[in-house]
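**Q** Hey, dropping start-v5.pdb in here, PDB, C-alpha atoms and all ligand atoms:
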```pdb
ATOM      1  CA  MET A   1     108.647 123.890  -5.560  1.00  0.00           C
ATOM      2  CA  ARG A   2     109.710 123.185  -1.986  1.00  0.00           C
ATOM      3  CA  LYS A   3     106.993 122.361   0.541  1.00  0.00           C
ATOM      4  CA  THR A   4     107.095 124.158   3.860  1.00  0.00           C
ATOM      5  CA  LEU A   5     107.933 121.959   6.861  1.00  0.00           C
ATOM      6  CA  ILE A   6     107.092 123.035  10.402  1.00  0.00           C
ATOM      7  CA  ALA A   7     108.742 120.733  12.972  1.00  0.00           C
ATOM      8  CA  GLY A   8     108.359 120.995  16.735  1.00  0.00           C
ATOM      9  CA  ASN A   9     111.283 119.991  18.929  1.00  0.00           C
ATOM     10  CA  TRP A  10     109.906 119.166  22.359  1.00  0.00           C
ATOM     11  CA  LYS A  11     113.406 118.656  23.837  1.00  0.00           C
ATOM     12  CA  LEU A  12     113.339 117.340  27.447  1.00  0.00           C
ATOM     13  CA  ASN A  13     109.706 118.209  28.104  1.00  0.00           C
ATOM     14  CA  GLY A  14     106.431 116.378  28.569  1.00  0.00           C
ATOM     15  CA  SER A  15     104.753 113.482  30.310  1.00  0.00           C
ATOM     16  CA  ILE A  16     102.255 110.859  29.153  1.00  0.00           C
ATOM     17  CA  SER A  17      99.372 113.140  30.035  1.00  0.00           C
ATOM     18  CA  SER A  18     100.758 116.449  28.743  1.00  0.00           C
ATOM     19  CA  ILE A  19     101.942 114.895  25.479  1.00  0.00           C
ATOM     20  CA  THR A  20      98.604 113.143  24.939  1.00  0.00           C
ATOM     21  CA  GLU A  21      96.874 116.488  25.363  1.00  0.00           C
ATOM     22  CA  LEU A  22      99.340 118.322  23.116  1.00  0.00           C
ATOM     23  CA  VAL A  23      99.023 115.744  20.328  1.00  0.00           C
ATOM     24  CA  ARG A  24      95.240 115.905  20.569  1.00  0.00           C
ATOM     25  CA  GLY A  25      95.311 119.690  20.384  1.00  0.00           C
ATOM     26  CA  VAL A  26      97.648 119.834  17.402  1.00  0.00           C
ATOM     27  CA  SER A  27      95.793 117.046  15.548  1.00  0.00           C
ATOM     28  CA  SER A  28      92.477 118.846  15.908  1.00  0.00           C
ATOM     29  CA  GLY A  29      93.760 121.892  14.012  1.00  0.00           C
ATOM     30  CA  LEU A  30      95.652 120.232  11.191  1.00  0.00           C
ATOM     31  CA  GLN A  31      92.898 120.185   8.563  1.00  0.00           C
ATOM     32  CA  SER A  32      93.228 123.829   7.614  1.00  0.00           C
ATOM     33  CA  LEU A  33      97.018 123.671   7.141  1.00  0.00           C
ATOM     34  CA  ASN A  34      98.737 122.843   3.894  1.00  0.00           C
ATOM     35  CA  CYS A  35     102.321 122.596   5.117  1.00  0.00           C
ATOM     36  CA  GLU A  36     104.096 119.473   6.354  1.00  0.00           C
ATOM     37  CA  MET A  37     104.147 119.182  10.149  1.00  0.00           C
ATOM     38  CA  ALA A  38     106.260 116.983  12.441  1.00  0.00           C
ATOM     39  CA  VAL A  39     106.999 116.650  16.148  1.00  0.00           C
ATOM     40  CA  CYS A  40     110.319 115.523  17.632  1.00  0.00           C
ATOM     41  CA  ALA A  41     109.316 113.614  20.763  1.00  0.00           C
ATOM     42  CA  PRO A  42     111.582 112.320  23.558  1.00  0.00           C
ATOM     43  CA  TYR A  43     112.494 108.657  22.904  1.00  0.00           C
ATOM     44  CA  PRO A  44     110.236 107.050  25.545  1.00  0.00           C
ATOM     45  CA  TYR A  45     107.134 108.659  24.039  1.00  0.00           C
ATOM     46  CA  LEU A  46     107.801 107.834  20.379  1.00  0.00           C
ATOM     47  CA  GLN A  47     105.639 104.732  20.324  1.00  0.00           C
ATOM     48  CA  MET A  48     102.753 106.432  22.096  1.00  0.00           C
ATOM     49  CA  VAL A  49     102.891 109.467  19.789  1.00  0.00           C
ATOM     50  CA  SER A  50     103.149 107.186  16.740  1.00  0.00           C
ATOM     51  CA  GLU A  51     100.035 105.338  17.815  1.00  0.00           C
ATOM     52  CA  GLN A  52      98.174 108.547  18.545  1.00  0.00           C
ATOM     53  CA  LEU A  53      99.114 109.921  15.140  1.00  0.00           C
ATOM     54  CA  GLU A  54      98.352 106.828  13.103  1.00  0.00           C
ATOM     55  CA  SER A  55      96.928 108.014   9.759  1.00  0.00           C
ATOM     56  CA  SER A  56      97.462 111.654  10.800  1.00  0.00           C
ATOM     57  CA  ARG A  57      99.360 114.113   8.619  1.00  0.00           C
ATOM     58  CA  LEU A  58     101.481 115.045  11.624  1.00  0.00           C
ATOM     59  CA  LYS A  59     104.723 113.084  11.329  1.00  0.00           C
ATOM     60  CA  VAL A  60     106.712 111.594  14.202  1.00  0.00           C
ATOM     61  CA  ALA A  61     110.373 112.514  14.571  1.00  0.00           C
ATOM     62  CA  ALA A  62     113.227 111.832  16.997  1.00  0.00           C
ATOM     63  CA  GLN A  63     115.624 114.339  18.530  1.00  0.00           C
ATOM     64  CA  ASP A  64     118.808 112.350  17.982  1.00  0.00           C
ATOM     65  CA  VAL A  65     120.118 108.927  16.906  1.00  0.00           C
ATOM     66  CA  SER A  66     123.167 106.780  17.576  1.00  0.00           C
ATOM     67  CA  GLU A  67     126.004 106.708  15.059  1.00  0.00           C
ATOM     68  CA  HIS A  68     126.161 102.922  15.666  1.00  0.00           C
ATOM     69  CA  ASP A  69     123.737 100.342  14.335  1.00  0.00           C
ATOM     70  CA  SER A  70     123.911  97.847  17.220  1.00  0.00           C
ATOM     71  CA  GLY A  71     126.182  96.466  19.923  1.00  0.00           C
ATOM     72  CA  ALA A  72     127.589  97.451  23.295  1.00  0.00           C
ATOM     73  CA  PHE A  73     126.602 101.119  23.326  1.00  0.00           C
ATOM     74  CA  THR A  74     124.628 101.581  26.529  1.00  0.00           C
ATOM     75  CA  GLY A  75     121.907 104.185  26.351  1.00  0.00           C
ATOM     76  CA  GLU A  76     122.045 104.599  22.586  1.00  0.00           C
ATOM     77  CA  VAL A  77     119.097 104.317  20.179  1.00  0.00           C
ATOM     78  CA  SER A  78     119.703 103.220  16.589  1.00  0.00           C
ATOM     79  CA  ALA A  79     118.112 104.465  13.377  1.00  0.00           C
ATOM     80  CA  GLU A  80     116.512 101.043  12.817  1.00  0.00           C
ATOM     81  CA  MET A  81     114.881 101.295  16.248  1.00  0.00           C
ATOM     82  CA  LEU A  82     113.518 104.733  15.352  1.00  0.00           C
ATOM     83  CA  LEU A  83     112.105 103.236  12.173  1.00  0.00           C
ATOM     84  CA  ASP A  84     110.385 100.534  14.240  1.00  0.00           C
ATOM     85  CA  PHE A  85     108.608 103.295  16.136  1.00  0.00           C
ATOM     86  CA  GLY A  86     107.354 105.052  13.033  1.00  0.00           C
ATOM     87  CA  CYS A  87     109.810 107.948  12.834  1.00  0.00           C
ATOM     88  CA  SER A  88     109.820 109.802   9.532  1.00  0.00           C
ATOM     89  CA  TYR A  89     112.470 112.348  10.545  1.00  0.00           C
ATOM     90  CA  ALA A  90     115.205 112.737  13.153  1.00  0.00           C
ATOM     91  CA  LEU A  91     117.354 115.668  14.195  1.00  0.00           C
ATOM     92  CA  VAL A  92     121.126 115.382  14.132  1.00  0.00           C
ATOM     93  CA  GLY A  93     123.673 117.918  15.314  1.00  0.00           C
ATOM     94  CA  HIS A  94     121.346 120.071  17.378  1.00  0.00           C
ATOM     95  CA  SER A  95     123.472 122.737  19.057  1.00  0.00           C
ATOM     96  CA  GLU A  96     122.468 121.400  22.487  1.00  0.00           C
ATOM     97  CA  ARG A  97     123.986 118.048  21.495  1.00  0.00           C
ATOM     98  CA  ARG A  98     127.036 119.726  20.003  1.00  0.00           C
ATOM     99  CA  SER A  99     127.688 121.761  23.156  1.00  0.00           C
ATOM    100  CA  TYR A 100     126.449 119.618  26.086  1.00  0.00           C
ATOM    101  CA  HIS A 101     127.543 116.290  24.603  1.00  0.00           C
ATOM    102  CA  SER A 102     130.583 117.487  22.661  1.00  0.00           C
ATOM    103  CA  GLU A 103     129.319 115.962  19.427  1.00  0.00           C
ATOM    104  CA  SER A 104     131.790 116.456  16.610  1.00  0.00           C
ATOM    105  CA  ASP A 105     131.021 117.174  12.954  1.00  0.00           C
ATOM    106  CA  GLU A 106     132.409 113.716  12.159  1.00  0.00           C
ATOM    107  CA  GLN A 107     130.065 111.976  14.619  1.00  0.00           C
ATOM    108  CA  ILE A 108     127.100 114.010  13.364  1.00  0.00           C
ATOM    109  CA  ALA A 109     127.910 113.003   9.774  1.00  0.00           C
ATOM    110  CA  GLU A 110     127.890 109.333  10.874  1.00  0.00           C
ATOM    111  CA  LYS A 111     124.508 109.796  12.556  1.00  0.00           C
ATOM    112  CA  PHE A 112     123.201 111.478   9.420  1.00  0.00           C
ATOM    113  CA  ASN A 113     124.325 108.515   7.347  1.00  0.00           C
ATOM    114  CA  ARG A 114     122.692 105.988   9.705  1.00  0.00           C
ATOM    115  CA  LEU A 115     119.376 107.747   9.247  1.00  0.00           C
ATOM    116  CA  LYS A 116     119.735 107.774   5.462  1.00  0.00           C
ATOM    117  CA  LEU A 117     120.509 104.046   5.445  1.00  0.00           C
ATOM    118  CA  ALA A 118     117.369 103.395   7.501  1.00  0.00           C
ATOM    119  CA  GLY A 119     115.195 105.546   5.226  1.00  0.00           C
ATOM    120  CA  ILE A 120     114.568 108.251   7.833  1.00  0.00           C
ATOM    121  CA  VAL A 121     114.910 111.863   6.703  1.00  0.00           C
ATOM    122  CA  PRO A 122     117.715 113.559   8.659  1.00  0.00           C
ATOM    123  CA  ILE A 123     117.272 117.157   9.775  1.00  0.00           C
ATOM    124  CA  LEU A 124     120.853 118.420  10.004  1.00  0.00           C
ATOM    125  CA  CYS A 125     121.054 121.305  12.487  1.00  0.00           C
ATOM    126  CA  VAL A 126     123.733 123.934  11.945  1.00  0.00           C
ATOM    127  CA  GLY A 127     124.384 127.364  13.409  1.00  0.00           C
ATOM    128  CA  GLU A 128     126.929 129.742  14.863  1.00  0.00           C
ATOM    129  CA  THR A 129     127.407 131.020  18.409  1.00  0.00           C
ATOM    130  CA  LEU A 130     127.164 134.712  19.220  1.00  0.00           C
ATOM    131  CA  ALA A 131     130.959 134.938  19.527  1.00  0.00           C
ATOM    132  CA  GLU A 132     131.329 133.406  16.054  1.00  0.00           C
ATOM    133  CA  ARG A 133     128.794 135.851  14.589  1.00  0.00           C
ATOM    134  CA  ASP A 134     130.567 138.773  16.252  1.00  0.00           C
ATOM    135  CA  GLU A 135     133.843 137.515  14.823  1.00  0.00           C
ATOM    136  CA  GLY A 136     132.291 137.557  11.339  1.00  0.00           C
ATOM    137  CA  ILE A 137     132.751 133.826  10.737  1.00  0.00           C
ATOM    138  CA  THR A 138     129.094 132.728  10.539  1.00  0.00           C
ATOM    139  CA  GLN A 139     129.349 131.605   6.930  1.00  0.00           C
ATOM    140  CA  ALA A 140     132.576 129.661   7.539  1.00  0.00           C
ATOM    141  CA  VAL A 141     131.155 127.887  10.603  1.00  0.00           C
ATOM    142  CA  VAL A 142     127.867 126.925   8.988  1.00  0.00           C
ATOM    143  CA  SER A 143     129.533 125.840   5.730  1.00  0.00           C
ATOM    144  CA  GLN A 144     131.919 123.595   7.636  1.00  0.00           C
ATOM    145  CA  GLN A 145     129.012 121.942   9.468  1.00  0.00           C
ATOM    146  CA  VAL A 146     127.320 121.165   6.138  1.00  0.00           C
ATOM    147  CA  LEU A 147     130.562 120.195   4.403  1.00  0.00           C
ATOM    148  CA  ALA A 148     131.308 117.622   7.111  1.00  0.00           C
ATOM    149  CA  VAL A 149     128.472 115.496   5.709  1.00  0.00           C
ATOM    150  CA  ILE A 150     129.255 116.167   2.038  1.00  0.00           C
ATOM    151  CA  GLU A 151     132.959 115.373   2.430  1.00  0.00           C
ATOM    152  CA  LYS A 152     132.236 112.059   4.141  1.00  0.00           C
ATOM    153  CA  PHE A 153     129.200 110.808   2.233  1.00  0.00           C
ATOM    154  CA  GLY A 154     129.010 112.904  -0.934  1.00  0.00           C
ATOM    155  CA  ILE A 155     126.456 115.481  -2.050  1.00  0.00           C
ATOM    156  CA  SER A 156     123.947 112.719  -2.867  1.00  0.00           C
ATOM    157  CA  ALA A 157     123.577 112.159   0.896  1.00  0.00           C
ATOM    158  CA  LEU A 158     121.888 115.546   1.029  1.00  0.00           C
ATOM    159  CA  SER A 159     119.143 114.584  -1.400  1.00  0.00           C
ATOM    160  CA  ASP A 160     115.868 114.021   0.480  1.00  0.00           C
ATOM    161  CA  SER A 161     117.364 115.568   3.589  1.00  0.00           C
ATOM    162  CA  VAL A 162     116.535 118.709   5.526  1.00  0.00           C
ATOM    163  CA  ILE A 163     118.868 121.359   6.944  1.00  0.00           C
ATOM    164  CA  ALA A 164     117.887 123.525   9.913  1.00  0.00           C
ATOM    165  CA  TYR A 165     119.741 126.772  10.464  1.00  0.00           C
ATOM    166  CA  GLU A 166     119.577 127.546  14.177  1.00  0.00           C
ATOM    167  CA  PRO A 167     121.769 130.419  15.346  1.00  0.00           C
ATOM    168  CA  VAL A 168     122.804 129.351  18.855  1.00  0.00           C
ATOM    169  CA  TRP A 169     122.253 132.874  20.201  1.00  0.00           C
ATOM    170  CA  ALA A 170     118.595 132.758  19.146  1.00  0.00           C
ATOM    171  CA  ILE A 171     117.710 129.387  20.720  1.00  0.00           C
ATOM    172  CA  GLY A 172     115.470 129.732  23.750  1.00  0.00           C
ATOM    173  CA  THR A 173     116.557 133.326  24.237  1.00  0.00           C
ATOM    174  CA  GLY A 174     113.538 135.114  22.797  1.00  0.00           C
ATOM    175  CA  ARG A 175     116.022 136.820  20.491  1.00  0.00           C
ATOM    176  CA  THR A 176     115.328 135.955  16.858  1.00  0.00           C
ATOM    177  CA  ALA A 177     117.479 136.434  13.779  1.00  0.00           C
ATOM    178  CA  THR A 178     115.876 139.083  11.594  1.00  0.00           C
ATOM    179  CA  PRO A 179     114.341 137.691   8.409  1.00  0.00           C
ATOM    180  CA  GLU A 180     117.231 139.299   6.497  1.00  0.00           C
ATOM    181  CA  GLN A 181     119.917 137.782   8.754  1.00  0.00           C
ATOM    182  CA  ALA A 182     118.329 134.343   8.444  1.00  0.00           C
ATOM    183  CA  GLN A 183     117.789 134.675   4.676  1.00  0.00           C
ATOM    184  CA  GLU A 184     121.456 135.563   4.184  1.00  0.00           C
ATOM    185  CA  VAL A 185     122.632 132.357   5.880  1.00  0.00           C
ATOM    186  CA  HIS A 186     119.977 130.204   4.175  1.00  0.00           C
ATOM    187  CA  SER A 187     121.017 131.599   0.823  1.00  0.00           C
ATOM    188  CA  ASP A 188     124.691 130.900   1.610  1.00  0.00           C
ATOM    189  CA  ILE A 189     123.805 127.293   2.468  1.00  0.00           C
ATOM    190  CA  ARG A 190     121.872 126.874  -0.780  1.00  0.00           C
ATOM    191  CA  THR A 191     124.737 128.386  -2.776  1.00  0.00           C
ATOM    192  CA  LEU A 192     127.122 125.947  -1.118  1.00  0.00           C
ATOM    193  CA  LEU A 193     124.867 123.003  -2.061  1.00  0.00           C
ATOM    194  CA  ALA A 194     124.516 124.359  -5.604  1.00  0.00           C
ATOM    195  CA  SER A 195     128.285 124.376  -6.012  1.00  0.00           C
ATOM    196  CA  PHE A 196     128.024 120.563  -5.794  1.00  0.00           C
ATOM    197  CA  ASP A 197     124.583 119.903  -7.300  1.00  0.00           C
ATOM    198  CA  GLU A 198     122.059 122.514  -8.410  1.00  0.00           C
ATOM    199  CA  ASN A 199     119.146 120.118  -8.390  1.00  0.00           C
ATOM    200  CA  ILE A 200     119.730 119.062  -4.786  1.00  0.00           C
ATOM    201  CA  ALA A 201     120.229 122.709  -3.796  1.00  0.00           C
ATOM    202  CA  ALA A 202     116.906 123.679  -5.333  1.00  0.00           C
ATOM    203  CA  LYS A 203     115.048 120.830  -3.637  1.00  0.00           C
ATOM    204  CA  THR A 204     116.524 120.900  -0.115  1.00  0.00           C
ATOM    205  CA  GLN A 205     114.238 122.324   2.559  1.00  0.00           C
ATOM    206  CA  ILE A 206     116.173 124.719   4.797  1.00  0.00           C
ATOM    207  CA  LEU A 207     114.341 125.449   8.054  1.00  0.00           C
ATOM    208  CA  TYR A 208     114.952 128.338  10.429  1.00  0.00           C
ATOM    209  CA  GLY A 209     115.026 127.690  14.189  1.00  0.00           C
ATOM    210  CA  GLY A 210     115.592 130.034  17.120  1.00  0.00           C
ATOM    211  CA  SER A 211     112.697 131.616  19.017  1.00  0.00           C
ATOM    212  CA  MET A 212     110.279 131.294  16.093  1.00  0.00           C
ATOM    213  CA  ASN A 213     106.788 132.055  17.355  1.00  0.00           C
ATOM    214  CA  PRO A 214     103.335 133.012  16.015  1.00  0.00           C
ATOM    215  CA  GLY A 215     104.381 136.682  16.022  1.00  0.00           C
ATOM    216  CA  ASN A 216     107.508 136.417  13.869  1.00  0.00           C
ATOM    217  CA  ALA A 217     106.811 133.290  11.790  1.00  0.00           C
ATOM    218  CA  SER A 218     105.155 135.043   8.830  1.00  0.00           C
ATOM    219  CA  SER A 219     107.993 137.455   8.189  1.00  0.00           C
ATOM    220  CA  LEU A 220     110.641 134.723   8.488  1.00  0.00           C
ATOM    221  CA  LEU A 221     108.708 132.265   6.304  1.00  0.00           C
ATOM    222  CA  ALA A 222     108.175 134.940   3.663  1.00  0.00           C
ATOM    223  CA  MET A 223     111.887 134.892   2.804  1.00  0.00           C
ATOM    224  CA  PRO A 224     112.683 132.985  -0.404  1.00  0.00           C
ATOM    225  CA  ASP A 225     115.151 130.512   1.118  1.00  0.00           C
ATOM    226  CA  ILE A 226     113.342 129.860   4.409  1.00  0.00           C
ATOM    227  CA  ASP A 227     111.339 126.687   3.822  1.00  0.00           C
ATOM    228  CA  GLY A 228     109.956 126.119   7.280  1.00  0.00           C
ATOM    229  CA  GLY A 229     110.733 126.230  10.959  1.00  0.00           C
ATOM    230  CA  LEU A 230     112.197 124.110  13.732  1.00  0.00           C
ATOM    231  CA  ILE A 231     110.316 125.260  16.789  1.00  0.00           C
ATOM    232  CA  GLY A 232     111.287 124.716  20.424  1.00  0.00           C
ATOM    233  CA  GLY A 233     109.302 126.546  23.106  1.00  0.00           C
ATOM    234  CA  ALA A 234     106.348 127.491  20.916  1.00  0.00           C
ATOM    235  CA  SER A 235     105.813 123.856  19.869  1.00  0.00           C
ATOM    236  CA  LEU A 236     104.813 122.948  23.423  1.00  0.00           C
ATOM    237  CA  LYS A 237     101.527 124.845  23.096  1.00  0.00           C
ATOM    238  CA  ALA A 238      99.134 123.437  20.503  1.00  0.00           C
ATOM    239  CA  ASP A 239      97.677 126.854  19.638  1.00  0.00           C
ATOM    240  CA  ASP A 240     101.079 128.470  19.095  1.00  0.00           C
ATOM    241  CA  PHE A 241     102.372 125.544  17.053  1.00  0.00           C
ATOM    242  CA  LEU A 242      99.243 125.559  14.881  1.00  0.00           C
ATOM    243  CA  ALA A 243      99.468 129.347  14.475  1.00  0.00           C
ATOM    244  CA  ILE A 244     102.979 128.904  13.055  1.00  0.00           C
ATOM    245  CA  GLY A 245     101.615 126.241  10.692  1.00  0.00           C
ATOM    246  CA  GLN A 246      98.936 128.733   9.697  1.00  0.00           C
ATOM    247  CA  ALA A 247     101.576 131.363   8.977  1.00  0.00           C
ATOM    248  CA  ALA A 248     103.266 128.890   6.643  1.00  0.00           C
TER     249      ALA A 248
HETATM  250  P1  LIG B 301     113.304 127.778  20.617  1.00  0.00           P
HETATM  251  O1  LIG B 301     112.228 127.866  19.584  1.00  0.00           O
HETATM  252  O2  LIG B 301     112.783 127.503  21.989  1.00  0.00           O
HETATM  253  O3  LIG B 301     114.233 128.958  20.558  1.00  0.00           O
HETATM  254  O4  LIG B 301     114.189 126.499  20.255  1.00  0.00           O
HETATM  255  C1  LIG B 301     114.673 126.356  18.968  1.00  0.00           C
HETATM  256  C2  LIG B 301     115.282 125.017  18.845  1.00  0.00           C
HETATM  257  O5  LIG B 301     116.316 124.742  19.414  1.00  0.00           O
HETATM  258  C3  LIG B 301     114.566 124.023  18.044  1.00  0.00           C
HETATM  259  O6  LIG B 301     115.367 122.912  17.810  1.00  0.00           O
END
```
Could I get this file's structure written as structure tokens?

**A**
Amino acid sequence: MRKTLIAGNWKLNGSISSITELVRGVSSGLQSLNCEMAVCAPYPYLQMVSEQLESSRLKVAAQDVSEHDSGAFTGEVSAEMLLDFGCSYALVGHSERRSYHSESDEQIAEKFNRLKLAGIVPILCVGETLAERDEGITQAVVSQQVLAVIEKFGISALSDSVIAYEPVWAIGTGRTATPEQAQEVHSDIRTLLASFDENIAAKTQILYGGSMNPGNASSLLAMPDIDGGLIGGASLKADDFLAIGQAA
């Protein structure tokens, strides 16, 4: 049985005071939830959030990681550093990194592997653009993004990992995939994993991301292959984030 994971991705938002308030708000409502919850904080706030969440069920996560472990890579943050700051999860391959920073599948696979080596659970983000959906190549695009990791590091790399399906056209647009559209892609991803290893396929949490909010979370999370959510905008308000956790 897969546990539901609700992860908030704060992106480039927050300050010491707003994050302190947000963490306090979310922490105060956690008792009644029985899903796993995590927040992906901007790097400079990881330590503060870790300290604020010490012994809380809310897990700390990062939004990215370097594909290198150390050396002359100005501005990069390694998986070992994230571990030092108490990160349990980190995103890799978010579509904003793929498009604004030209991250390749190969680079994302390397980042994924760095996290695994450090003992941090990677959340591999995949998803098609609107043009790709209109062209009818959603399944091919998403499969290739998952296969990039499997081909480089084997299917075992996917054990104890999380995949987040985030259709690019639904991110921050207020336009959500219908539960059926999302379920279809989630099921395709699970079938792809099962073609390598049925046990890993059955265990892997596949999250949906893209304008998930308290109003649409229940219907999305009711689908058999949707095991949680990766939430952008709605994770910046404690009440909305908790309401999504409640829906789970
Ligand atoms: P929104 O929930 O704001 O659409 O963002 C989704 C996302 O990109 C989470 O990583």

**Q** Can you translate the PyMOL selection byres (((chain A and resi 230) around 10) and not hetatm) into the concrete residues it hits in this file, as a ChimeraX atom specification?

**A** /A:5-9,38-40,91,123,125,163-166,206-212,228-229,231-232,234-235

**Q** Please enumerate the residues selected by the PyMOL selection byres (((chain A and resi 103) around 12) and not hetatm) when evaluated against the supplied file, formatted as a list in words.

**A**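 When the PyMOL selection byres (((chain A and resi 103) around 12) and not hetatm) is applied to the shown file, the picked residues are Asp64, Val65, Ser66, Glu67, Val92, Gly93, His94, Ser95, Glu96, Arg97, Arg98, Ser99, Tyr100, His101, Ser102, Ser104, Asp105, Glu106, Gln107, Ile108, Ala109, Glu110, Lys111 and Gln145 of chain A.
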
**Q** Name the residues that the PyMOL selection byres (((chain A and resi 31) around 12) and not hetatm) pulls out of this structure, and write them as a PDB file with C-alpha atoms, in the coordinates of the input.

**A**
```
ATOM      1  CA  VAL A  26      97.648 119.834  17.402  1.00  0.00           C
ATOM      2  CA  SER A  27      95.793 117.046  15.548  1.00  0.00           C
ATOM      3  CA  SER A  28      92.477 118.846  15.908  1.00  0.00           C
ATOM      4  CA  GLY A  29      93.760 121.892  14.012  1.00  0.00           C
ATOM      5  CA  LEU A  30      95.652 120.232  11.191  1.00  0.00           C
ATOM      6  CA  SER A  32      93.228 123.829   7.614  1.00  0.00           C
ATOM      7  CA  LEU A  33      97.018 123.671   7.141  1.00  0.00           C
ATOM      8  CA  ASN A  34      98.737 122.843   3.894  1.00  0.00           C
ATOM      9  CA  CYS A  35     102.321 122.596   5.117  1.00  0.00           C
ATOM     10  CA  GLU A  36     104.096 119.473   6.354  1.00  0.00           C
ATOM     11  CA  MET A  37     104.147 119.182  10.149  1.00  0.00           C
ATOM     12  CA  SER A  56      97.462 111.654  10.800  1.00  0.00           C
ATOM     13  CA  ARG A  57      99.360 114.113   8.619  1.00  0.00           C
ATOM     14  CA  LEU A  58     101.481 115.045  11.624  1.00  0.00           C
ATOM     15  CA  LEU A 242      99.243 125.559  14.881  1.00  0.00           C
ATOM     16  CA  GLY A 245     101.615 126.241  10.692  1.00  0.00           C
ATOM     17  CA  GLN A 246      98.936 128.733   9.697  1.00  0.00           C
TER      18      GLN A 246
END
```

**Q** Output as JSON the centre and edge lengths (Å, one decimal) of the box along x, y and z of the file that holds every listed atom of ligand LIG 301 (chain B) after adding 6 Å on each side.

**A**
```
{"center_x": 114.3, "center_y": 125.9, "center_z": 19.9, "size_x": 16.1, "size_y": 18.0, "size_z": 16.2}
```

**Q** So which residues touch stretch 198-200 of chain A within 9 Å, counting only C-alpha atoms, skipping near sequence neighbours fewer than 5 positions away, as a PyMOL selection string?

**A** chain A and resi 155-156+158-160+190-191+193

**Q** How would the residues just chosen look if you wrote them out with C-alpha atoms as a compact mmCIF listing (two decimals), in the frame of the given file?

**A**
```
# COMPACT_ATOMS: atom_id res chain seq x y z
CA ILE A 155 126.46 115.48 -2.05
CA SER A 156 123.95 112.72 -2.87
CA LEU A 158 121.89 115.55 1.03
CA SER A 159 119.14 114.58 -1.40
CA ASP A 160 115.87 114.02 0.48
CA ARG A 190 121.87 126.87 -0.78
CA THR A 191 124.74 128.39 -2.78
CA LEU A 193 124.87 123.00 -2.06
```

**Q** Nearest residue to A:Gln183 out of A:Ala243, A:Ile171, A:Leu147, A:Ile226, using only C-alpha atoms?

**A** A:Ile226
